[in-house]
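Undergrad: So here's my_file.cif (mmCIF, C-alpha atoms and all ligand atoms).
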data_target
#
loop_
_atom_site.label_atom_id
_atom_site.label_comp_id
_atom_site.auth_asym_id
_atom_site.auth_seq_id
_atom_site.Cartn_x
_atom_site.Cartn_y
_atom_site.Cartn_z
CA MET A 2 0.44 -19.80 3.89
CA PHE A 3 -1.86 -16.94 4.87
CA ASP A 4 -5.58 -17.39 4.24
CA TYR A 5 -6.40 -14.17 2.38
CA LEU A 6 -9.64 -15.61 1.09
CA LYS A 7 -11.29 -15.33 4.48
CA TYR A 8 -11.12 -11.52 4.21
CA VAL A 9 -11.91 -10.92 0.54
CA ARG A 10 -15.00 -10.80 -1.63
CA GLU A 11 -13.93 -13.73 -3.71
CA GLU A 12 -16.66 -13.19 -6.29
CA ASN A 13 -14.83 -10.00 -7.39
CA PHE A 14 -11.63 -11.87 -8.30
CA PRO A 15 -9.51 -11.90 -10.38
CA HIS A 16 -9.22 -8.21 -9.53
CA ILE A 17 -9.16 -5.46 -12.17
CA TRP A 18 -5.58 -4.33 -11.57
CA CYS A 19 -3.09 -4.83 -14.43
CA SER A 20 -0.50 -7.58 -14.46
CA GLY A 21 2.29 -6.54 -12.08
CA CYS A 22 0.40 -3.62 -10.55
CA GLY A 23 1.54 -3.24 -6.94
CA ASP A 24 -1.93 -2.50 -5.57
CA GLY A 25 -2.65 -6.17 -4.85
CA ILE A 26 0.56 -6.47 -2.83
CA VAL A 27 -0.52 -3.55 -0.63
CA LEU A 28 -3.95 -5.09 -0.12
CA LYS A 29 -2.34 -8.35 1.00
CA ALA A 30 -0.08 -6.55 3.49
CA LEU A 31 -3.13 -4.76 4.90
CA LEU A 32 -5.06 -8.02 5.33
CA ARG A 33 -2.17 -9.63 7.19
CA ALA A 34 -1.91 -6.62 9.53
CA VAL A 35 -5.68 -6.61 10.18
CA ASP A 36 -5.53 -10.34 10.93
CA LYS A 37 -2.60 -9.93 13.35
CA LEU A 38 -4.46 -7.26 15.28
CA GLY A 39 -7.63 -9.36 15.34
CA ILE A 40 -9.75 -6.45 14.16
CA ASP A 41 -13.43 -7.43 14.04
CA ARG A 42 -14.65 -6.98 10.48
CA ASP A 43 -17.97 -5.52 11.65
CA GLU A 44 -16.00 -2.79 13.44
CA ALA A 45 -13.83 -1.97 10.42
CA VAL A 46 -14.69 0.51 7.68
CA MET A 47 -12.69 1.06 4.51
CA VAL A 48 -13.21 4.31 2.64
CA SER A 49 -11.74 5.31 -0.72
CA GLY A 50 -12.00 7.96 -3.42
CA ILE A 51 -11.50 7.31 -7.14
CA GLY A 52 -8.55 5.73 -8.91
CA CYS A 53 -7.08 2.26 -9.40
CA SER A 54 -5.86 2.31 -5.80
CA SER A 55 -9.29 3.42 -4.64
CA ARG A 56 -10.76 0.18 -5.99
CA THR A 57 -9.18 -1.65 -3.03
CA PRO A 58 -12.15 -1.61 -0.60
CA GLY A 59 -14.32 -3.34 -3.20
CA TYR A 60 -12.28 -6.49 -2.63
CA VAL A 61 -12.46 -6.55 1.15
CA ASP A 62 -15.29 -8.13 3.13
CA VAL A 63 -15.70 -5.34 5.71
CA ASN A 64 -17.90 -2.22 5.72
CA THR A 65 -16.84 -0.25 2.66
CA LEU A 66 -17.48 3.15 1.09
CA HIS A 67 -16.29 3.97 -2.44
CA THR A 68 -16.80 7.73 -2.67
CA THR A 69 -15.92 10.60 -5.04
CA HIS A 70 -12.52 11.65 -6.33
CA GLY A 71 -10.41 13.31 -3.64
CA ARG A 72 -13.08 13.14 -0.95
CA ALA A 73 -12.35 9.87 0.86
CA LEU A 74 -10.98 11.73 3.88
CA ALA A 75 -14.08 13.91 4.11
CA PHE A 76 -16.37 10.85 4.13
CA ALA A 77 -14.04 9.04 6.54
CA THR A 78 -14.07 12.05 8.88
CA GLY A 79 -17.87 11.82 8.93
CA VAL A 80 -17.84 8.09 9.69
CA LYS A 81 -15.27 8.43 12.45
CA SER A 82 -17.01 11.44 14.02
CA ALA A 83 -20.36 9.64 14.11
CA LYS A 84 -18.97 6.32 15.36
CA PRO A 85 -15.57 6.91 16.97
CA HIS A 86 -15.23 3.28 18.12
CA LEU A 87 -14.85 2.05 14.53
CA THR A 88 -11.48 1.37 12.90
CA VAL A 89 -11.54 3.57 9.81
CA ILE A 90 -9.07 2.82 7.03
CA VAL A 91 -8.74 5.15 4.06
CA VAL A 92 -7.25 4.02 0.76
CA THR A 93 -6.22 6.73 -1.65
CA GLY A 94 -3.82 7.47 -4.52
CA ASP A 95 -1.23 10.21 -4.97
CA GLY A 96 -3.64 12.01 -7.30
CA ASP A 97 -6.70 11.39 -5.14
CA ALA A 98 -5.00 12.56 -1.94
CA THR A 99 -2.62 15.29 -3.03
CA ALA A 100 -4.12 16.82 -6.19
CA ILE A 101 -7.92 17.06 -6.09
CA GLY A 102 -7.99 16.00 -2.42
CA GLY A 103 -4.99 18.00 -1.26
CA ASN A 104 -6.95 20.21 1.10
CA HIS A 105 -8.76 17.33 2.76
CA PHE A 106 -5.41 15.64 3.23
CA ILE A 107 -3.63 18.47 5.02
CA HIS A 108 -6.61 19.35 7.17
CA ALA A 109 -7.33 15.78 8.26
CA ALA A 110 -3.68 15.55 9.30
CA ARG A 111 -3.85 18.92 11.07
CA ARG A 112 -6.96 17.87 12.99
CA ASN A 113 -5.25 14.63 13.93
CA ILE A 114 -8.42 12.59 13.55
CA ASP A 115 -7.95 8.87 14.21
CA LEU A 116 -7.84 7.47 10.66
CA THR A 117 -5.36 5.06 9.12
CA VAL A 118 -4.53 6.24 5.63
CA LEU A 119 -2.85 4.03 3.04
CA LEU A 120 -1.68 6.30 0.29
CA TYR A 121 -0.58 4.30 -2.76
CA ASN A 122 2.06 6.46 -4.41
CA ASN A 123 2.65 5.28 -7.99
CA TYR A 124 3.78 8.73 -9.21
CA ILE A 125 0.97 8.97 -11.77
CA TYR A 126 -2.78 9.05 -12.45
CA GLY A 127 -3.07 5.36 -13.28
CA MET A 128 -6.78 5.00 -13.87
CA THR A 129 -7.11 7.77 -16.42
CA GLY A 130 -4.11 6.76 -18.51
CA GLY A 131 -1.01 8.37 -17.06
CA GLN A 132 -1.35 12.11 -16.48
CA CYS A 133 1.17 13.81 -14.18
CA SER A 134 0.28 13.81 -10.51
CA PRO A 135 1.77 16.04 -7.79
CA THR A 136 4.30 13.27 -7.09
CA THR A 137 5.52 12.60 -10.62
CA PRO A 138 9.30 13.01 -10.41
CA ARG A 139 11.02 15.82 -12.27
CA GLY A 140 11.99 14.65 -15.73
CA ALA A 141 9.67 11.61 -15.72
CA ARG A 142 7.34 11.20 -18.67
CA ALA A 143 3.58 11.22 -18.49
CA SER A 144 0.79 11.61 -21.05
CA THR A 145 0.64 15.28 -20.03
CA ALA A 146 4.45 15.59 -19.97
CA PRO A 147 5.60 13.76 -23.11
CA PHE A 148 9.00 15.46 -22.97
CA GLY A 149 9.49 15.15 -19.23
CA ASN A 150 7.84 16.69 -16.19
CA LEU A 151 9.07 20.18 -15.22
CA GLU A 152 7.43 20.37 -11.80
CA PRO A 153 9.14 19.36 -8.57
CA PRO A 154 7.16 16.65 -6.74
CA PHE A 155 5.54 16.75 -3.33
CA ASN A 156 7.20 14.77 -0.57
CA ILE A 157 3.95 13.26 0.71
CA SER A 158 5.24 12.03 4.04
CA GLY A 159 6.93 15.38 4.67
CA LEU A 160 3.69 17.15 3.86
CA ALA A 161 1.74 15.02 6.36
CA ILE A 162 4.32 15.56 9.10
CA ALA A 163 4.34 19.33 8.52
CA ALA A 164 0.54 19.40 8.62
CA GLY A 165 0.45 17.65 12.01
CA ALA A 166 -0.08 13.90 11.49
CA SER A 167 0.81 11.92 14.60
CA PHE A 168 2.16 8.88 12.73
CA VAL A 169 3.82 8.82 9.33
CA ALA A 170 5.61 5.90 7.70
CA ARG A 171 6.81 5.10 4.22
CA GLY A 172 6.99 1.60 2.80
CA ASP A 173 7.13 -0.14 -0.57
CA VAL A 174 5.77 -3.30 -2.12
CA TYR A 175 9.14 -4.92 -2.82
CA ASN A 176 9.64 -5.05 0.96
CA ALA A 177 6.18 -6.49 1.52
CA LYS A 178 6.84 -7.95 4.97
CA LYS A 179 8.13 -4.63 6.29
CA LEU A 180 5.13 -2.92 4.73
CA GLU A 181 2.84 -5.17 6.79
CA THR A 182 4.65 -4.09 9.99
CA LEU A 183 4.31 -0.40 9.10
CA ILE A 184 0.59 -0.78 8.39
CA LEU A 185 0.17 -2.65 11.67
CA LYS A 186 1.82 0.18 13.60
CA ALA A 187 -0.33 2.75 11.80
CA LEU A 188 -3.49 0.81 12.72
CA GLN A 189 -2.42 0.70 16.36
CA LYS A 190 -1.79 4.43 16.58
CA LYS A 191 -4.51 6.70 17.91
CA GLY A 192 -4.51 9.76 15.66
CA PHE A 193 -4.01 10.51 11.98
CA SER A 194 -1.71 7.76 10.72
CA LEU A 195 -0.34 7.74 7.21
CA VAL A 196 1.48 4.97 5.42
CA GLU A 197 2.82 6.22 2.10
CA VAL A 198 3.28 3.11 0.00
CA VAL A 199 5.54 3.34 -3.02
CA THR A 200 4.01 0.95 -5.54
CA PRO A 201 4.52 0.34 -9.24
CA CYS A 202 2.15 1.19 -12.05
CA PRO A 203 3.79 -0.62 -14.98
CA THR A 204 1.01 0.35 -17.39
CA ALA A 205 0.69 4.12 -17.11
CA TYR A 206 4.07 4.99 -15.56
CA GLY A 207 6.53 2.19 -16.32
CA ARG A 208 5.67 2.00 -20.00
CA ARG A 209 6.68 5.65 -20.46
CA ASN A 210 9.71 5.49 -18.20
CA ARG A 211 11.70 2.51 -19.47
CA MET A 212 10.19 0.08 -16.99
CA ALA A 213 7.43 -1.50 -19.02
CA ASN A 214 7.65 -4.86 -17.34
CA PRO A 215 6.65 -5.43 -13.72
CA VAL A 216 9.93 -7.12 -12.82
CA LYS A 217 11.91 -4.01 -13.87
CA MET A 218 9.70 -1.87 -11.68
CA MET A 219 10.22 -4.19 -8.69
CA GLU A 220 13.97 -4.19 -9.30
CA HIS A 221 13.89 -0.42 -9.28
CA LEU A 222 12.14 -0.48 -5.89
CA ARG A 223 14.69 -2.98 -4.59
CA ASP A 224 17.50 -0.65 -5.67
CA THR A 225 16.00 2.64 -4.47
CA ALA A 226 14.15 1.85 -1.20
CA VAL A 227 16.53 2.38 1.72
CA SER A 228 15.94 1.57 5.40
CA MET A 229 16.22 4.42 7.93
CA GLU A 230 19.38 2.92 9.45
CA LYS A 231 21.14 2.64 6.12
CA TRP A 232 19.95 6.10 5.07
CA GLU A 233 21.70 7.66 8.07
CA SER A 234 25.05 6.27 6.96
CA MET A 235 24.71 7.47 3.35
CA SER A 236 26.18 10.63 1.84
CA GLY A 237 24.06 13.16 -0.02
CA GLU A 238 25.39 11.80 -3.29
CA GLU A 239 24.50 8.21 -2.40
CA ARG A 240 20.97 9.28 -1.45
CA ALA A 241 20.24 10.80 -4.86
CA GLY A 242 17.34 9.03 -6.56
CA LYS A 243 16.63 6.91 -3.48
CA PHE A 244 14.01 7.16 -0.74
CA ARG A 245 13.82 6.32 2.96
CA THR A 246 11.45 3.68 4.29
CA GLY A 247 10.35 3.13 7.88
CA VAL A 248 8.61 5.15 10.59
CA LEU A 249 9.29 8.83 9.85
CA CYS A 250 7.19 10.36 12.61
CA ASP A 251 5.49 8.99 15.73
CA VAL A 252 4.33 11.62 18.24
CA GLU A 253 1.56 11.99 20.81
CA ARG A 254 -0.97 14.70 20.03
CA PRO A 255 -4.60 15.22 21.12
CA GLU A 256 -6.90 13.20 18.87
CA TYR A 257 -9.90 14.98 17.38
CA THR A 258 -12.79 12.65 18.26
CA GLU A 259 -11.53 12.26 21.85
CA GLU A 260 -11.25 16.02 22.20
CA TYR A 261 -14.73 16.39 20.77
CA ALA A 262 -16.19 13.90 23.26
CA ARG A 263 -14.39 15.67 26.09
CA LEU A 264 -15.78 19.03 25.02
CA VAL A 265 -19.33 17.67 24.81
CA GLU A 266 -18.95 16.27 28.33
CA GLU A 267 -17.60 19.58 29.63
CA VAL A 268 -20.39 21.65 28.10
CA ARG A 269 -23.00 19.22 29.48
CA THR A 270 -21.71 19.33 33.04
CA ASP A 271 -21.41 23.13 32.95
CA ARG A 272 -25.12 23.49 32.40
CA MET B 23 21.57 -15.18 -1.75
CA ALA B 24 22.26 -17.57 1.18
CA GLY B 25 24.85 -20.26 0.48
CA GLN B 26 24.27 -23.97 0.02
CA GLN B 27 21.45 -24.28 2.52
CA SER B 28 19.65 -27.58 1.97
CA ALA B 29 15.90 -27.69 1.42
CA PRO B 30 13.81 -28.41 4.57
CA LYS B 31 12.66 -32.00 5.12
CA GLU B 32 8.92 -31.36 4.73
CA PRO B 33 8.62 -30.70 1.01
CA ALA B 34 6.84 -27.48 0.08
CA VAL B 35 3.41 -27.60 -1.48
CA ILE B 36 3.23 -24.71 -3.92
CA THR B 37 -0.18 -24.05 -5.40
CA VAL B 38 -0.93 -21.76 -8.32
CA ASN B 39 -4.39 -20.45 -9.05
CA VAL B 40 -3.96 -20.36 -12.81
CA ALA B 41 -7.24 -18.52 -13.36
CA TRP B 42 -6.02 -15.59 -11.23
CA CYS B 43 -2.35 -15.54 -12.31
CA LYS B 44 -1.70 -12.66 -14.73
CA GLY B 45 1.80 -13.77 -15.64
CA CYS B 46 3.66 -10.75 -14.23
CA GLU B 47 6.72 -12.96 -13.51
CA ILE B 48 7.45 -11.24 -10.18
CA CYS B 49 7.43 -14.57 -8.31
CA VAL B 50 9.74 -16.14 -10.89
CA ALA B 51 12.24 -13.26 -10.94
CA PHE B 52 12.70 -12.99 -7.18
CA CYS B 53 12.59 -16.64 -6.08
CA PRO B 54 16.01 -17.18 -4.49
CA ARG B 55 16.00 -20.88 -5.51
CA ASN B 56 14.82 -20.68 -9.09
CA VAL B 57 11.86 -22.92 -8.31
CA LEU B 58 9.40 -21.25 -10.68
CA GLU B 59 9.19 -20.86 -14.44
CA MET B 60 6.87 -19.30 -16.98
CA GLU B 61 4.87 -21.46 -19.36
CA GLY B 62 2.29 -20.12 -21.76
CA GLY B 63 2.02 -16.80 -19.90
CA LYS B 64 1.36 -18.43 -16.52
CA VAL B 65 3.64 -19.52 -13.74
CA LYS B 66 4.67 -23.17 -13.46
CA VAL B 67 6.17 -24.86 -10.40
CA ALA B 68 9.21 -26.45 -12.05
CA ARG B 69 11.43 -27.51 -9.11
CA PRO B 70 9.35 -27.71 -5.91
CA GLU B 71 12.04 -29.84 -4.23
CA ASP B 72 14.38 -26.82 -4.21
CA CYS B 73 11.90 -24.56 -2.39
CA ILE B 74 13.10 -23.24 0.99
CA LYS B 75 9.65 -21.86 1.92
CA CYS B 76 10.92 -18.32 2.17
CA MET B 77 7.37 -17.24 1.19
CA LEU B 78 8.62 -14.36 -0.96
CA CYS B 79 6.57 -15.48 -3.96
CA GLU B 80 3.40 -15.61 -1.90
CA LEU B 81 4.12 -12.24 -0.25
CA ARG B 82 4.75 -10.43 -3.52
CA CYS B 83 2.21 -11.99 -5.87
CA PRO B 84 -0.15 -9.08 -6.65
CA ASP B 85 -2.88 -11.47 -7.75
CA PHE B 86 -3.37 -13.78 -4.75
CA ALA B 87 -2.42 -16.53 -7.17
CA ILE B 88 0.41 -18.48 -5.50
CA THR B 89 0.57 -20.06 -2.06
CA VAL B 90 3.25 -22.05 -0.25
CA GLU B 91 2.53 -24.59 2.50
C1 LIG C 1 -14.13 15.10 -9.98
C2 LIG C 1 -13.33 14.15 -10.83
N1 LIG C 1 -12.31 14.63 -11.56
C3 LIG C 1 -11.57 13.80 -12.32
C4 LIG C 1 -11.86 12.46 -12.36
C5 LIG C 1 -11.02 11.54 -13.23
N2 LIG C 1 -10.11 10.71 -12.47
C6 LIG C 1 -10.40 9.48 -12.09
S1 LIG C 1 -9.18 8.70 -11.28
C7 LIG C 1 -8.16 10.05 -11.46
C8 LIG C 1 -6.75 10.06 -10.97
C9 LIG C 1 -6.34 8.85 -10.21
O1 LIG C 1 -5.00 8.95 -9.82
P1 LIG C 1 -4.53 8.43 -8.41
O2 LIG C 1 -5.37 8.99 -7.34
O3 LIG C 1 -3.07 8.69 -8.30
O4 LIG C 1 -4.85 6.87 -8.43
P2 LIG C 1 -4.27 5.66 -9.31
O5 LIG C 1 -5.28 5.41 -10.38
O6 LIG C 1 -2.93 6.03 -9.84
O7 LIG C 1 -4.21 4.55 -8.31
C10 LIG C 1 -8.81 11.08 -12.15
C11 LIG C 1 -8.19 12.36 -12.49
C12 LIG C 1 -12.92 11.98 -11.56
N3 LIG C 1 -13.24 10.69 -11.51
N4 LIG C 1 -13.64 12.85 -10.83
S1 LIG C 2 -3.11 1.47 -14.65
FE1 LIG C 2 -1.38 1.34 -13.23
S2 LIG C 2 -2.24 1.68 -11.18
FE2 LIG C 2 -3.94 1.18 -12.58
S3 LIG C 2 -4.24 -1.05 -12.38
FE3 LIG C 2 -2.87 -0.70 -14.13
S4 LIG C 2 -0.81 -0.82 -13.26
FE4 LIG C 2 -2.22 -0.52 -11.54
S1 LIG C 3 8.80 -19.99 -1.14
FE1 LIG C 3 10.72 -18.97 -1.74
S2 LIG C 3 11.95 -20.63 -2.54
FE2 LIG C 3 9.88 -21.40 -2.48
S3 LIG C 3 9.08 -20.99 -4.53
FE3 LIG C 3 8.51 -19.25 -3.24
S4 LIG C 3 10.14 -17.75 -3.54
FE4 LIG C 3 10.92 -19.74 -4.28
S1 LIG C 4 3.50 -13.25 -9.06
FE1 LIG C 4 1.41 -14.12 -9.09
S2 LIG C 4 0.43 -13.26 -10.91
FE2 LIG C 4 2.65 -12.90 -11.11
S3 LIG C 4 3.36 -14.68 -12.31
FE3 LIG C 4 3.60 -15.20 -10.15
S4 LIG C 4 1.69 -16.28 -9.58
FE4 LIG C 4 1.33 -15.21 -11.53
#
Now that the file is in, can you turn its structure into structure tokens?
Ligand SMILES: Cc1ncc(C[n+]2csc(CCOP(=O)(O)OP(=O)(O)O)c2C)c(N)n1
Ligand code: SF4
Ligand code: SF4
Ligand code: SF4

TA:
Amino acid sequence: MFDYLKYVREENFPHIWCSGCGDGIVLKALLRAVDKLGIDRDEAVMVSGIGCSSRTPGYVDVNTLHTTHGRALAFATGVKSAKPHLTVIVVTGDGDATAIGGNHFIHAARRNIDLTVLLYNNYIYGMTGGQCSPTTPRGARASTAPFGNLEPPFNISGLAIAAGASFVARGDVYNAKKLETLILKALQKKGFSLVEVVTPCPTAYGRRNRMANPVKMMEHLRDTAVSMEKWESMSGEERAGKFRTGVLCDVERPEYTEEYARLVEEVRTDR
Amino acid sequence: MAGQQSAPKEPAVITVNVAWCKGCEICVAFCPRNVLEMEGGKVKVARPEDCIKCMLCELRCPDFAITVE
């Protein structure tokens, strides 16, 4: 048994998420990773934007900032720049991070600022009732695509890697133990670290896409999430409709706040 | 799942926080030993003696509502 209660604001429970929403499973994986690393809660800051996923920090007994839609990374950049010793964790949704907040997302990755970003990808705008997001799969139904979505989706992890993130992993809530390991690695990494978490929204997404009950959505994750090792041995045909999980990118690049401190030091000694 | 593994000697203590359980049935559906059941929209520990303490129910409960010791 893991004692989650020692890290949560118990007075806010039961949480607001729907029955079978994956967001609680992600939160639990995060708490286990934080516990394993022994992160001091006074030195931890959680920052989020707006959305169901962005409600996460409200349940955690650390320093928290619930900001405006799409802007979590901008606020987090401010926190980290002012107090680089803090562990700054950003929680965001696919809409929050890649629609309204798309620019903040690519530029935070490009800068390689030391933030750990948990991006809950449920393929939809959950909070506002199921509009298409930039990750809604082609053909999937949404309130704004009643006959099926025409747009090709973003590959979020691919986007972060291309923009310059130093650590990128993808996990899912069916494989909750593995998710904990991925989050732990992201927290350990100095630099912009993203964990894209594929997580079900039975209410706004499942209901429209023949997976109204939470168990169906979890079964779908079980059947479509593929480890890196297995992925390598699969043909193009076998990969259709499935996604890779694991560490997708782990490289060493100069980190922004360290570079900033170095520059300040250099300019000071030059004078 | 794994074959006819016998349950460990220390019996599992499975606790459900009924006030927090939202009845999603995830724990019931993926328990490899069929220990759990639904009753009146909440989970019920029907066969604790069969539990192998794999912890999957606790790991996947979105509502912090079930624990295994
Ligand atoms: C400036 C602004 N525009 C629009 C909204 C409405 N709004 C709230 S949450 C949301 C989308 C949330 O989707 P996502 O980030 O994927 O999170 P989820 O709810 O699915 O976890 C939108 C459009 C808002 N709050 N503020
Ligand atoms: S609407 Fe979807 S994302 Fe929001 S709490 Fe419900 S299931 Fe979760
Ligand atoms: S610990 Fe495993 S075997 Fe025991 S009730 Fe939970 S899922 Fe079933
Ligand atoms: S997984 Fe949790 S919330 Fe869902 S039925 Fe089981 S105990 Fe209840």

Undergrad: Mind pulling up the distance from atom FE1 of ligand LIG 2 (chain C) to atom CA of Arg245 of chain A?

TA: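 Atom CA of Arg245 of chain A sits 22.8 Å away from atom FE1 of ligand LIG 2 (chain C).
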
Undergrad: Dump as a short mmCIF file (atom, residue, chain, number, x, y, z; two decimals) with C-alpha atoms, in the frame of the given file all residues having an atom at most 9 Å from (9.2, -18.8, -10.4), computed in the file's coordinates with all atoms listed in the file.

TA:
data_model
loop_
_atom_site.label_atom_id
_atom_site.label_comp_id
_atom_site.auth_asym_id
_atom_site.auth_seq_id
_atom_site.Cartn_x
_atom_site.Cartn_y
_atom_site.Cartn_z
CA GLU B 47 6.72 -12.96 -13.51
CA ILE B 48 7.45 -11.24 -10.18
CA CYS B 49 7.43 -14.57 -8.31
CA VAL B 50 9.74 -16.14 -10.89
CA ALA B 51 12.24 -13.26 -10.94
CA PHE B 52 12.70 -12.99 -7.18
CA CYS B 53 12.59 -16.64 -6.08
CA ARG B 55 16.00 -20.88 -5.51
CA ASN B 56 14.82 -20.68 -9.09
CA VAL B 57 11.86 -22.92 -8.31
CA LEU B 58 9.40 -21.25 -10.68
CA GLU B 59 9.19 -20.86 -14.44
CA MET B 60 6.87 -19.30 -16.98
CA VAL B 65 3.64 -19.52 -13.74
CA LYS B 66 4.67 -23.17 -13.46
CA VAL B 67 6.17 -24.86 -10.40
CA ALA B 68 9.21 -26.45 -12.05
CA CYS B 79 6.57 -15.48 -3.96
#

Undergrad: Any residue with an atom at most 7 Å from ligand LIG 2 (chain C) counts, using only C-alpha atoms and all ligand atoms. Which are they? Put them as number ranges by chain.

TA: A: 17-24, 53-54, 123, 127-128, 130, 201-206

Undergrad: Near chain B, which residues of chain A fall within 9 Å when you count all atoms listed in the file, and what do they look like as an MDAnalysis selection string?

TA: chainID A and resid 2:3 5:6 14:16 18:30 174:178 214:216 219

Undergrad: Restrict the selected residues to C-alpha atoms and save them as a compact mmCIF listing (two decimals), in the frame of the given file.

TA:
# COMPACT_ATOMS: atom_id res chain seq x y z
CA MET A 2 0.44 -19.80 3.89
CA PHE A 3 -1.86 -16.94 4.87
CA TYR A 5 -6.40 -14.17 2.38
CA LEU A 6 -9.64 -15.61 1.09
CA PHE A 14 -11.63 -11.87 -8.30
CA PRO A 15 -9.51 -11.90 -10.38
CA HIS A 16 -9.22 -8.21 -9.53
CA TRP A 18 -5.58 -4.33 -11.57
CA CYS A 19 -3.09 -4.83 -14.43
CA SER A 20 -0.50 -7.58 -14.46
CA GLY A 21 2.29 -6.54 -12.08
CA CYS A 22 0.40 -3.62 -10.55
CA GLY A 23 1.54 -3.24 -6.94
CA ASP A 24 -1.93 -2.50 -5.57
CA GLY A 25 -2.65 -6.17 -4.85
CA ILE A 26 0.56 -6.47 -2.83
CA VAL A 27 -0.52 -3.55 -0.63
CA LEU A 28 -3.95 -5.09 -0.12
CA LYS A 29 -2.34 -8.35 1.00
CA ALA A 30 -0.08 -6.55 3.49
CA VAL A 174 5.77 -3.30 -2.12
CA TYR A 175 9.14 -4.92 -2.82
CA ASN A 176 9.64 -5.05 0.96
CA ALA A 177 6.18 -6.49 1.52
CA LYS A 178 6.84 -7.95 4.97
CA ASN A 214 7.65 -4.86 -17.34
CA PRO A 215 6.65 -5.43 -13.72
CA VAL A 216 9.93 -7.12 -12.82
CA MET A 219 10.22 -4.19 -8.69

Undergrad: Find the distance between atom CA of Val91 of chain A and atom CA of Cys250 of chain A and write it in Å to one decimal.

TA: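 Computed distance, atom CA of Val91 of chain A to atom CA of Cys250 of chain A, equals 18.8 Å.
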
Undergrad: For a quick check of understanding, using only C-alpha atoms and all ligand atoms, which of A:Thr246, A:Thr69, A:Asn13, A:Asn64 has the smallest distance to ligand LIG 1 (chain C)?

TA: A:Thr69

Undergrad: Step by step: start from the point (-5.4, 11.3, 2.7) in the file's coordinates, keep every protein, DNA or RNA residue that has an atom no farther than 7 Å from it, count only C-alpha atoms, and write the set as JSON, numbers by chain.

TA: {"A": [74, 93, 98, 105, 106, 118, 120]}

Undergrad: May I ask for the distance between atom CA of Met229 of chain A and atom CA of Leu249 of chain A, given in Å to one decimal place?

TA: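 Distance between the two atoms: 8.4 Å.
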
Undergrad: Calculated over all atoms listed in the file, which of the candidates A:Pro85, A:Pro58, A:Gly103, A:Gly131 has the smallest distance to ligand LIG 1 (chain C)?

TA: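 Answer, going by the shortest atom-to-atom distance: A:Gly131.
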
Undergrad: Which residues are near Asp62 of chain A? Cut-off 7 Å, only C-alpha atoms, ignore same chain within fewer than 3 positions. Put them as an MDAnalysis selection string.

TA: chainID A and resid 8:10

Undergrad: Find the residue from A:Pro135, A:Pro154, A:Gly39, A:Gly159 that sits nearest to Leu185 of chain A; use all atoms listed in the file when measuring.

TA: A:Gly39

Undergrad: Ranking B:Glu32, B:Val40, B:Asp72, B:Gly62 by minimum distance to ligand LIG 4 (chain C) and counting only C-alpha atoms and all ligand atoms, which one comes first?

TA: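 When distances to ligand LIG 4 (chain C) are compared using only C-alpha atoms and all ligand atoms, the smallest one comes from B:Val40.
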
Undergrad: When you count all atoms listed in the file, which of these residues is closest to Pro138 of chain A: A:Gly242, A:Thr200, A:Gly192, A:Met218?

TA: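 Ranked by minimum distance to Pro138 of chain A, first place goes to A:Gly242.
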
Undergrad: Residues within 10 Å of Ile90 of chain A, please, as a CSV table (one decimal) with C-alpha atoms, in the coordinates of the input. Count only C-alpha atoms; anything in the same chain fewer than 4 positions from it doesn't count.

TA:
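Output (selection_16.csv):
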chain,number,residue,atom,x,y,z
A,31,LEU,CA,-3.1,-4.8,4.9
A,45,ALA,CA,-13.8,-2.0,10.4
A,46,VAL,CA,-14.7,0.5,7.7
A,47,MET,CA,-12.7,1.1,4.5
A,48,VAL,CA,-13.2,4.3,2.6
A,49,SER,CA,-11.7,5.3,-0.7
A,58,PRO,CA,-12.2,-1.6,-0.6
A,65,THR,CA,-16.8,-0.2,2.7
A,73,ALA,CA,-12.4,9.9,0.9
A,74,LEU,CA,-11.0,11.7,3.9
A,77,ALA,CA,-14.0,9.0,6.5
A,81,LYS,CA,-15.3,8.4,12.4
A,115,ASP,CA,-8.0,8.9,14.2
A,116,LEU,CA,-7.8,7.5,10.7
A,117,THR,CA,-5.4,5.1,9.1
A,118,VAL,CA,-4.5,6.2,5.6
A,119,LEU,CA,-2.8,4.0,3.0
A,187,ALA,CA,-0.3,2.8,11.8
A,188,LEU,CA,-3.5,0.8,12.7
A,194,SER,CA,-1.7,7.8,10.7
